[in-house]
Amino acid sequence: LDLILSIPWLVVQSKGGIFAAEQDTGTLVLKAHQGLDERLQKTCVTVPFGKCICGRAALSKEIVFVDRVDERHEVTYDEITPHGHYCVPIIFADKVLGVINVYVDEGHKSTDREKALLLAVANTLAGIIVRRRAEESLLESERKLQAITDTASDAIVLIDDEEKIVYWNAAASTMLGYQPGEIARQDIQVIV
């Protein structure tokens, strides 16, 4: 968010937020923000798909630009500073992962260059989110597998295609009398 808001030629205010989508509830959850009024931080902590500008971007899966606060700006408060928005959905494989929201001055004219940059940022962020989720899922799977193999009473030994030992559990150490560090990358035939 800081990087987006600091691009010199991108005519945005130093205000905005990044929302993550919760698919099971159809809501956006504010995960990062800069320069937002405290009232907005509280009222925009969750935004349903379809509500307000950010929710409309999530529902339509398209960039939504408004040059001023109007009737589509459903989350508002008295004394709101006049402004406009770019709300850019973060999409991967036709699934909305979140929305980037940046503020512009009231009356600002949208440009193709600005849209292209914000879309490129959203696409990059989508790749990062997907990769991070995959890494977290892989780590969780590894933790589960580790827990299963560590508590198994049977010896479990994992070898590669060259028959070198890659992993072995505590039962294998007890049964064969070697510690994992002693047998790492050893030939299974030699150890057995």
# chains A, B, ... in the order shown; residues from 1 in each chain; ligands from 1
>>> select_by_dssp(residues="segment 50-163 of chain A", states="helix (DSSP H, G or I)", output="PyMOL selection string")
chain A and resi 52-60+112-151
>>> select_by_dssp(residues="chain A", states="strand (DSSP E or B)", output="VMD selection string")
chain A and resid 16 to 22 27 to 34 46 to 48 64 to 66 84 to 92 95 to 104 157 to 159 164 to 168 187
>>> residues_around(residues="segment 150-155 of chain A", least_positions_apart="6", cutoff="6 Å", atoms="only C-alpha atoms", output="VMD selection string")
chain A and resid 169 to 172
>>> write_last_selection(atoms="N, CA, C and O atoms", output="PDB file, in the first residue's frame")
ATOM      1  N   ASN A 169      11.760 -41.565  10.928  1.00  0.00           N
ATOM      2  CA  ASN A 169      11.094 -41.152  12.163  1.00  0.00           C
ATOM      3  C   ASN A 169      11.786 -41.730  13.407  1.00  0.00           C
ATOM      4  O   ASN A 169      12.754 -42.488  13.311  1.00  0.00           O
ATOM      5  N   ALA A 170      11.238 -41.348  14.560  1.00  0.00           N
ATOM      6  CA  ALA A 170      11.825 -41.765  15.843  1.00  0.00           C
ATOM      7  C   ALA A 170      11.793 -43.286  16.009  1.00  0.00           C
ATOM      8  O   ALA A 170      12.731 -43.881  16.550  1.00  0.00           O
ATOM      9  N   ALA A 171      10.725 -43.938  15.535  1.00  0.00           N
ATOM     10  CA  ALA A 171      10.632 -45.404  15.651  1.00  0.00           C
ATOM     11  C   ALA A 171      11.748 -46.075  14.853  1.00  0.00           C
ATOM     12  O   ALA A 171      12.314 -47.085  15.294  1.00  0.00           O
ATOM     13  N   ALA A 172      12.093 -45.508  13.694  1.00  0.00           N
ATOM     14  CA  ALA A 172      13.194 -46.065  12.900  1.00  0.00           C
ATOM     15  C   ALA A 172      14.512 -45.897  13.648  1.00  0.00           C
ATOM     16  O   ALA A 172      15.365 -46.794  13.627  1.00  0.00           O
TER      17      ALA A 172
END
>>> closest_residue(among="A:Gly127, A:Gly17, A:Pro8, A:Pro89", to="Gly55 of chain A", atoms="only C-alpha atoms")
A:Pro89
>>> closest_residue(among="A:Glu74, A:Asp187, A:Glu182, A:Glu135", to="Leu158 of chain A", atoms="only C-alpha atoms")
A:Asp187
